[in-house]
file work-v6.pdb (PDB, N, CA and C atoms)
ATOM      1  N   MET C   1       0.855  -1.176   0.000  1.00  0.00           N
ATOM      2  CA  MET C   1       0.000   0.000   0.000  1.00  0.00           C
ATOM      3  C   MET C   1       0.899   1.237   0.000  1.00  0.00           C
ATOM      4  N   SER C   2       0.572   2.183  -0.857  1.00  0.00           N
ATOM      5  CA  SER C   2       1.373   3.406  -0.957  1.00  0.00           C
ATOM      6  C   SER C   2       1.145   4.315   0.256  1.00  0.00           C
ATOM      7  N   THR C   3       2.045   5.268   0.422  1.00  0.00           N
ATOM      8  CA  THR C   3       1.893   6.256   1.493  1.00  0.00           C
ATOM      9  C   THR C   3       0.573   7.000   1.339  1.00  0.00           C
ATOM     10  N   ALA C   4       0.244   7.405   0.115  1.00  0.00           N
ATOM     11  CA  ALA C   4      -1.010   8.128  -0.119  1.00  0.00           C
ATOM     12  C   ALA C   4      -2.217   7.269   0.255  1.00  0.00           C
ATOM     13  N   GLU C   5      -2.168   5.987  -0.075  1.00  0.00           N
ATOM     14  CA  GLU C   5      -3.272   5.093   0.281  1.00  0.00           C
ATOM     15  C   GLU C   5      -3.402   4.947   1.792  1.00  0.00           C
ATOM     16  N   ARG C   6      -2.275   4.819   2.474  1.00  0.00           N
ATOM     17  CA  ARG C   6      -2.312   4.678   3.941  1.00  0.00           C
ATOM     18  C   ARG C   6      -2.886   5.933   4.594  1.00  0.00           C
ATOM     19  N   ILE C   7      -2.496   7.103   4.108  1.00  0.00           N
ATOM     20  CA  ILE C   7      -3.015   8.353   4.670  1.00  0.00           C
ATOM     21  C   ILE C   7      -4.509   8.487   4.379  1.00  0.00           C
ATOM     22  N   ALA C   8      -4.924   8.199   3.152  1.00  0.00           N
ATOM     23  CA  ALA C   8      -6.346   8.297   2.801  1.00  0.00           C
ATOM     24  C   ALA C   8      -7.182   7.354   3.654  1.00  0.00           C
ATOM     25  N   GLN C   9      -6.697   6.139   3.854  1.00  0.00           N
ATOM     26  CA  GLN C   9      -7.425   5.182   4.684  1.00  0.00           C
ATOM     27  C   GLN C   9      -7.495   5.664   6.125  1.00  0.00           C
ATOM     28  N   ALA C  10      -6.388   6.145   6.655  1.00  0.00           N
ATOM     29  CA  ALA C  10      -6.373   6.640   8.036  1.00  0.00           C
ATOM     30  C   ALA C  10      -7.323   7.821   8.195  1.00  0.00           C
ATOM     31  N   PHE C  11      -7.335   8.725   7.231  1.00  0.00           N
ATOM     32  CA  PHE C  11      -8.253   9.864   7.281  1.00  0.00           C
ATOM     33  C   PHE C  11      -9.694   9.375   7.298  1.00  0.00           C
ATOM     34  N   HIS C  12     -10.004   8.463   6.413  1.00  0.00           N
ATOM     35  CA  HIS C  12     -11.366   7.919   6.340  1.00  0.00           C
ATOM     36  C   HIS C  12     -11.774   7.286   7.665  1.00  0.00           C
ATOM     37  N   GLU C  13     -10.888   6.489   8.232  1.00  0.00           N
ATOM     38  CA  GLU C  13     -11.216   5.760   9.460  1.00  0.00           C
ATOM     39  C   GLU C  13     -11.388   6.680  10.662  1.00  0.00           C
ATOM     40  N   ARG C  14     -10.692   7.791  10.686  1.00  0.00           N
ATOM     41  CA  ARG C  14     -10.772   8.704  11.830  1.00  0.00           C
ATOM     42  C   ARG C  14     -11.847   9.774  11.682  1.00  0.00           C
ATOM     43  N   TYR C  15     -12.269  10.004  10.464  1.00  0.00           N
ATOM     44  CA  TYR C  15     -13.207  11.092  10.178  1.00  0.00           C
ATOM     45  C   TYR C  15     -14.499  10.981  10.974  1.00  0.00           C
ATOM     46  N   GLU C  16     -15.143   9.835  10.939  1.00  0.00           N
ATOM     47  CA  GLU C  16     -16.416   9.681  11.643  1.00  0.00           C
ATOM     48  C   GLU C  16     -16.244   9.824  13.151  1.00  0.00           C
ATOM     49  N   TRP C  17     -15.166   9.280  13.690  1.00  0.00           N
ATOM     50  CA  TRP C  17     -14.918   9.372  15.133  1.00  0.00           C
ATOM     51  C   TRP C  17     -14.797  10.835  15.548  1.00  0.00           C
ATOM     52  N   TRP C  18     -13.993  11.602  14.810  1.00  0.00           N
ATOM     53  CA  TRP C  18     -13.824  13.015  15.143  1.00  0.00           C
ATOM     54  C   TRP C  18     -15.097  13.811  14.906  1.00  0.00           C
ATOM     55  N   ALA C  19     -15.864  13.458  13.900  1.00  0.00           N
ATOM     56  CA  ALA C  19     -17.120  14.162  13.636  1.00  0.00           C
ATOM     57  C   ALA C  19     -18.039  14.071  14.846  1.00  0.00           C
ATOM     58  N   THR C  20     -18.133  12.904  15.450  1.00  0.00           N
ATOM     59  CA  THR C  20     -18.996  12.766  16.629  1.00  0.00           C
ATOM     60  C   THR C  20     -18.462  13.592  17.789  1.00  0.00           C
ATOM     61  N   LYS C  21     -17.149  13.719  17.903  1.00  0.00           N
ATOM     62  CA  LYS C  21     -16.556  14.531  18.972  1.00  0.00           C
ATOM     63  C   LYS C  21     -16.871  16.013  18.788  1.00  0.00           C
ATOM     64  N   HIS C  22     -17.150  16.406  17.561  1.00  0.00           N
ATOM     65  CA  HIS C  22     -17.494  17.796  17.265  1.00  0.00           C
ATOM     66  C   HIS C  22     -19.002  18.010  17.189  1.00  0.00           C
ATOM     67  N   GLY C  23     -19.753  17.004  17.595  1.00  0.00           N
ATOM     68  CA  GLY C  23     -21.190  17.166  17.733  1.00  0.00           C
ATOM     69  C   GLY C  23     -22.055  16.802  16.544  1.00  0.00           C
ATOM     70  N   TRP C  24     -21.514  16.132  15.561  1.00  0.00           N
ATOM     71  CA  TRP C  24     -22.343  15.705  14.442  1.00  0.00           C
ATOM     72  C   TRP C  24     -21.798  14.407  13.868  1.00  0.00           C
ATOM     73  N   ALA C  25     -22.624  13.740  13.098  1.00  0.00           N
ATOM     74  CA  ALA C  25     -22.216  12.472  12.494  1.00  0.00           C
ATOM     75  C   ALA C  25     -22.943  12.286  11.168  1.00  0.00           C
ATOM     76  N   SER C  26     -22.456  11.353  10.388  1.00  0.00           N
ATOM     77  CA  SER C  26     -23.109  11.026   9.121  1.00  0.00           C
ATOM     78  C   SER C  26     -24.453  10.367   9.375  1.00  0.00           C
ATOM     79  N   GLN C  27     -25.213  10.261   8.329  1.00  0.00           N
ATOM     80  CA  GLN C  27     -26.503   9.592   8.429  1.00  0.00           C
ATOM     81  C   GLN C  27     -26.304   8.142   8.858  1.00  0.00           C
ATOM     82  N   VAL C  28     -27.280   7.629   9.590  1.00  0.00           N
ATOM     83  CA  VAL C  28     -27.223   6.241  10.034  1.00  0.00           C
ATOM     84  C   VAL C  28     -27.130   5.332   8.810  1.00  0.00           C
ATOM     85  N   GLY C  29     -26.217   4.376   8.877  1.00  0.00           N
ATOM     86  CA  GLY C  29     -26.069   3.418   7.794  1.00  0.00           C
ATOM     87  C   GLY C  29     -25.192   3.873   6.644  1.00  0.00           C
ATOM     88  N   VAL C  30     -24.646   5.080   6.732  1.00  0.00           N
ATOM     89  CA  VAL C  30     -23.822   5.595   5.641  1.00  0.00           C
ATOM     90  C   VAL C  30     -22.343   5.284   5.859  1.00  0.00           C
ATOM     91  N   THR C  31     -21.914   5.212   7.091  1.00  0.00           N
ATOM     92  CA  THR C  31     -20.514   4.950   7.398  1.00  0.00           C
ATOM     93  C   THR C  31     -20.122   3.555   6.915  1.00  0.00           C
ATOM     94  N   VAL C  32     -19.016   3.488   6.181  1.00  0.00           N
ATOM     95  CA  VAL C  32     -18.545   2.201   5.673  1.00  0.00           C
ATOM     96  C   VAL C  32     -17.061   2.036   5.953  1.00  0.00           C
ATOM     97  N   ARG C  33     -16.635   0.789   6.003  1.00  0.00           N
ATOM     98  CA  ARG C  33     -15.209   0.484   6.146  1.00  0.00           C
ATOM     99  C   ARG C  33     -14.490   0.915   4.868  1.00  0.00           C
ATOM    100  N   TRP C  34     -13.206   1.217   4.987  1.00  0.00           N
ATOM    101  CA  TRP C  34     -12.409   1.643   3.837  1.00  0.00           C
ATOM    102  C   TRP C  34     -12.542   0.643   2.690  1.00  0.00           C
ATOM    103  N   GLU C  35     -12.497  -0.631   2.996  1.00  0.00           N
ATOM    104  CA  GLU C  35     -12.577  -1.666   1.968  1.00  0.00           C
ATOM    105  C   GLU C  35     -13.906  -1.619   1.212  1.00  0.00           C
ATOM    106  N   ASP C  36     -14.935  -1.060   1.845  1.00  0.00           N
ATOM    107  CA  ASP C  36     -16.262  -1.010   1.236  1.00  0.00           C
ATOM    108  C   ASP C  36     -16.570   0.323   0.557  1.00  0.00           C
ATOM    109  N   VAL C  37     -15.660   1.280   0.657  1.00  0.00           N
ATOM    110  CA  VAL C  37     -15.835   2.553  -0.052  1.00  0.00           C
ATOM    111  C   VAL C  37     -15.736   2.242  -1.549  1.00  0.00           C
ATOM    112  N   PRO C  38     -16.643   2.768  -2.356  1.00  0.00           N
ATOM    113  CA  PRO C  38     -16.567   2.499  -3.798  1.00  0.00           C
ATOM    114  C   PRO C  38     -15.184   2.847  -4.363  1.00  0.00           C
ATOM    115  N   LYS C  39     -14.724   2.028  -5.300  1.00  0.00           N
ATOM    116  CA  LYS C  39     -13.380   2.174  -5.859  1.00  0.00           C
ATOM    117  C   LYS C  39     -13.114   3.593  -6.364  1.00  0.00           C
ATOM    118  N   ALA C  40     -14.068   4.183  -7.063  1.00  0.00           N
ATOM    119  CA  ALA C  40     -13.869   5.543  -7.591  1.00  0.00           C
ATOM    120  C   ALA C  40     -13.656   6.547  -6.463  1.00  0.00           C
ATOM    121  N   ASN C  41     -14.368   6.386  -5.366  1.00  0.00           N
ATOM    122  CA  ASN C  41     -14.202   7.286  -4.216  1.00  0.00           C
ATOM    123  C   ASN C  41     -12.832   7.085  -3.576  1.00  0.00           C
ATOM    124  N   ARG C  42     -12.422   5.821  -3.394  1.00  0.00           N
ATOM    125  CA  ARG C  42     -11.091   5.550  -2.826  1.00  0.00           C
ATOM    126  C   ARG C  42     -10.011   6.158  -3.706  1.00  0.00           C
ATOM    127  N   GLU C  43     -10.115   5.951  -5.017  1.00  0.00           N
ATOM    128  CA  GLU C  43      -9.105   6.487  -5.934  1.00  0.00           C
ATOM    129  C   GLU C  43      -9.056   8.009  -5.886  1.00  0.00           C
ATOM    130  N   THR C  44     -10.210   8.650  -5.743  1.00  0.00           N
ATOM    131  CA  THR C  44     -10.253  10.109  -5.638  1.00  0.00           C
ATOM    132  C   THR C  44      -9.565  10.577  -4.366  1.00  0.00           C
ATOM    133  N   MET C  45      -9.835   9.908  -3.244  1.00  0.00           N
ATOM    134  CA  MET C  45      -9.192  10.278  -1.979  1.00  0.00           C
ATOM    135  C   MET C  45      -7.686  10.065  -2.052  1.00  0.00           C
ATOM    136  N   VAL C  46      -7.258   8.950  -2.626  1.00  0.00           N
ATOM    137  CA  VAL C  46      -5.824   8.673  -2.742  1.00  0.00           C
ATOM    138  C   VAL C  46      -5.164   9.705  -3.654  1.00  0.00           C
ATOM    139  N   SER C  47      -5.796  10.058  -4.758  1.00  0.00           N
ATOM    140  CA  SER C  47      -5.238  11.077  -5.660  1.00  0.00           C
ATOM    141  C   SER C  47      -5.124  12.429  -4.972  1.00  0.00           C
ATOM    142  N   THR C  48      -6.120  12.766  -4.172  1.00  0.00           N
ATOM    143  CA  THR C  48      -6.089  14.025  -3.423  1.00  0.00           C
ATOM    144  C   THR C  48      -4.914  14.038  -2.461  1.00  0.00           C
ATOM    145  N   VAL C  49      -4.753  12.959  -1.710  1.00  0.00           N
ATOM    146  CA  VAL C  49      -3.636  12.872  -0.765  1.00  0.00           C
ATOM    147  C   VAL C  49      -2.311  12.910  -1.517  1.00  0.00           C
ATOM    148  N   GLN C  50      -2.211  12.190  -2.628  1.00  0.00           N
ATOM    149  CA  GLN C  50      -0.961  12.185  -3.389  1.00  0.00           C
ATOM    150  C   GLN C  50      -0.604  13.585  -3.854  1.00  0.00           C
ATOM    151  N   SER C  51      -1.600  14.369  -4.280  1.00  0.00           N
ATOM    152  CA  SER C  51      -1.309  15.738  -4.717  1.00  0.00           C
ATOM    153  C   SER C  51      -0.808  16.594  -3.557  1.00  0.00           C
ATOM    154  N   LEU C  52      -1.311  16.346  -2.352  1.00  0.00           N
ATOM    155  CA  LEU C  52      -0.827  17.072  -1.173  1.00  0.00           C
ATOM    156  C   LEU C  52       0.598  16.658  -0.825  1.00  0.00           C
ATOM    157  N   LEU C  53       0.911  15.381  -0.989  1.00  0.00           N
ATOM    158  CA  LEU C  53       2.286  14.914  -0.777  1.00  0.00           C
ATOM    159  C   LEU C  53       3.223  15.516  -1.829  1.00  0.00           C
ATOM    160  N   ASP C  54       2.784  15.519  -3.075  1.00  0.00           N
ATOM    161  CA  ASP C  54       3.623  16.015  -4.176  1.00  0.00           C
ATOM    162  C   ASP C  54       3.952  17.497  -4.052  1.00  0.00           C
ATOM    163  N   THR C  55       3.088  18.256  -3.395  1.00  0.00           N
ATOM    164  CA  THR C  55       3.305  19.700  -3.256  1.00  0.00           C
ATOM    165  C   THR C  55       3.783  20.085  -1.857  1.00  0.00           C
ATOM    166  N   ASP C  56       4.170  19.087  -1.071  1.00  0.00           N
ATOM    167  CA  ASP C  56       4.700  19.288   0.283  1.00  0.00           C
ATOM    168  C   ASP C  56       3.723  19.974   1.231  1.00  0.00           C
ATOM    169  N   VAL C  57       2.434  19.895   0.932  1.00  0.00           N
ATOM    170  CA  VAL C  57       1.431  20.398   1.872  1.00  0.00           C
ATOM    171  C   VAL C  57       1.404  19.486   3.091  1.00  0.00           C
ATOM    172  N   ILE C  58       1.535  18.190   2.841  1.00  0.00           N
ATOM    173  CA  ILE C  58       1.739  17.219   3.919  1.00  0.00           C
ATOM    174  C   ILE C  58       3.006  16.449   3.594  1.00  0.00           C
ATOM    175  N   LEU C  59       3.673  15.976   4.608  1.00  0.00           N
ATOM    176  CA  LEU C  59       4.921  15.251   4.422  1.00  0.00           C
ATOM    177  C   LEU C  59       4.768  13.828   4.939  1.00  0.00           C
ATOM    178  N   PRO C  60       5.373  12.865   4.247  1.00  0.00           N
ATOM    179  CA  PRO C  60       5.289  11.489   4.717  1.00  0.00           C
ATOM    180  C   PRO C  60       6.046  11.329   6.028  1.00  0.00           C
ATOM    181  N   GLY C  61       5.568  10.437   6.851  1.00  0.00           N
ATOM    182  CA  GLY C  61       6.223  10.163   8.126  1.00  0.00           C
ATOM    183  C   GLY C  61       7.467   9.314   7.944  1.00  0.00           C
ATOM    184  N   PRO C  62       8.137   9.000   9.037  1.00  0.00           N
ATOM    185  CA  PRO C  62       9.390   8.257   8.971  1.00  0.00           C
ATOM    186  C   PRO C  62       9.233   6.829   8.459  1.00  0.00           C
ATOM    187  N   ASP C  63       8.029   6.282   8.512  1.00  0.00           N
ATOM    188  CA  ASP C  63       7.812   4.908   8.061  1.00  0.00           C
ATOM    189  C   ASP C  63       7.299   4.839   6.629  1.00  0.00           C
ATOM    190  N   ALA C  64       7.339   5.965   5.915  1.00  0.00           N
ATOM    191  CA  ALA C  64       6.770   6.021   4.554  1.00  0.00           C
ATOM    192  C   ALA C  64       7.528   5.153   3.581  1.00  0.00           C
TER     193      ALA C  64
END
call {"tool": "encode", "arguments": {"input": "work-v6.pdb", "output": "structure tokens"}}
result
Amino acid sequence: MSTAERIAQAFHERYEWWATKHGWASQVGVTVRWEDVPKANRETMVSTVQSLLDTDVILPGPDA
């Protein structure tokens, strides 16, 4: 798994948890595991993260 894929997956997995901490959540039944996110959506998230890595907006960690 690429660095961009790992970051996109981590973002996805933490998003709902943090949303509830800020007082809101997605509709019931909408939250899905990363593996169940439609392929086009996963690819879009990974491409977005990769563009942030490519422009040094975010930097890979030491285990990248």
call {"tool": "select_by_dssp", "arguments": {"input": "work-v6.pdb", "residues": "chain C", "states": "helix (DSSP H, G or I)", "output": "ChimeraX atom specification"}}
result
/C:3-21,34-36,39-54
call {"tool": "residues_around", "arguments": {"input": "work-v6.pdb", "residues": "range 55-64 of chain C", "least_positions_apart": "5", "cutoff": "9 Å", "atoms": "only C-alpha atoms", "output": "VMD selection string"}}
result
chain C and resid 2 to 4 7 49 to 50
call {"tool": "axis_aligned_box", "arguments": {"input": "work-v6.pdb", "around": "range 6-24 of chain C", "padding_each_side": "3 Å", "output": "JSON"}}
result
{"center_x": -12.3, "center_y": 11.3, "center_z": 10.7, "size_x": 26.1, "size_y": 19.3, "size_z": 22.5}
call {"tool": "resolve_selection", "arguments": {"input": "work-v6.pdb", "expression": "the PyMOL selection byres (((chain C and resi 45 and name CA) around 10) and name CA)", "output": "list in words"}}
result
Ala4, Glu5, Ile7, Ala8, Gln9, Phe11, His12, Lys39, Ala40, Asn41, Arg42, Glu43, Thr44, Val46, Ser47, Thr48, Val49, Gln50 and Ser51 of chain C
call {"tool": "write_last_selection", "arguments": {"input": "work-v6.pdb", "atoms": "N, CA and C atoms", "output": "CSV table (one decimal), keeping the file's coordinate frame"}}
result
chain,number,residue,atom,x,y,z
C,4,ALA,N,0.2,7.4,0.1
C,4,ALA,CA,-1.0,8.1,-0.1
C,4,ALA,C,-2.2,7.3,0.3
C,5,GLU,N,-2.2,6.0,-0.1
C,5,GLU,CA,-3.3,5.1,0.3
C,5,GLU,C,-3.4,4.9,1.8
C,7,ILE,N,-2.5,7.1,4.1
C,7,ILE,CA,-3.0,8.4,4.7
C,7,ILE,C,-4.5,8.5,4.4
C,8,ALA,N,-4.9,8.2,3.2
C,8,ALA,CA,-6.3,8.3,2.8
C,8,ALA,C,-7.2,7.4,3.7
C,9,GLN,N,-6.7,6.1,3.9
C,9,GLN,CA,-7.4,5.2,4.7
C,9,GLN,C,-7.5,5.7,6.1
C,11,PHE,N,-7.3,8.7,7.2
C,11,PHE,CA,-8.3,9.9,7.3
C,11,PHE,C,-9.7,9.4,7.3
C,12,HIS,N,-10.0,8.5,6.4
C,12,HIS,CA,-11.4,7.9,6.3
C,12,HIS,C,-11.8,7.3,7.7
C,39,LYS,N,-14.7,2.0,-5.3
C,39,LYS,CA,-13.4,2.2,-5.9
C,39,LYS,C,-13.1,3.6,-6.4
C,40,ALA,N,-14.1,4.2,-7.1
C,40,ALA,CA,-13.9,5.5,-7.6
C,40,ALA,C,-13.7,6.5,-6.5
C,41,ASN,N,-14.4,6.4,-5.4
C,41,ASN,CA,-14.2,7.3,-4.2
C,41,ASN,C,-12.8,7.1,-3.6
C,42,ARG,N,-12.4,5.8,-3.4
C,42,ARG,CA,-11.1,5.6,-2.8
C,42,ARG,C,-10.0,6.2,-3.7
C,43,GLU,N,-10.1,6.0,-5.0
C,43,GLU,CA,-9.1,6.5,-5.9
C,43,GLU,C,-9.1,8.0,-5.9
C,44,THR,N,-10.2,8.6,-5.7
C,44,THR,CA,-10.3,10.1,-5.6
C,44,THR,C,-9.6,10.6,-4.4
C,46,VAL,N,-7.3,9.0,-2.6
C,46,VAL,CA,-5.8,8.7,-2.7
C,46,VAL,C,-5.2,9.7,-3.7
C,47,SER,N,-5.8,10.1,-4.8
C,47,SER,CA,-5.2,11.1,-5.7
C,47,SER,C,-5.1,12.4,-5.0
C,48,THR,N,-6.1,12.8,-4.2
C,48,THR,CA,-6.1,14.0,-3.4
C,48,THR,C,-4.9,14.0,-2.5
C,49,VAL,N,-4.8,13.0,-1.7
C,49,VAL,CA,-3.6,12.9,-0.8
C,49,VAL,C,-2.3,12.9,-1.5
C,50,GLN,N,-2.2,12.2,-2.6
C,50,GLN,CA,-1.0,12.2,-3.4
C,50,GLN,C,-0.6,13.6,-3.9
C,51,SER,N,-1.6,14.4,-4.3
C,51,SER,CA,-1.3,15.7,-4.7
C,51,SER,C,-0.8,16.6,-3.6
call {"tool": "atom_distance", "arguments": {"input": "work-v6.pdb", "atom1": "CA of Trp24 in chain C", "atom2": "CA of Val37 in chain C"}}
result
20.6 Å
call {"tool": "atom_distance", "arguments": {"input": "work-v6.pdb", "atom1": "CA of Glu35 in chain C", "atom2": "CA of Asp54 in chain C"}}
result
24.8 Å
call {"tool": "atom_distance", "arguments": {"input": "work-v6.pdb", "atom1": "atom N of Val30 in chain C", "atom2": "atom N of Trp17 in chain C"}}
result
12.5 Å
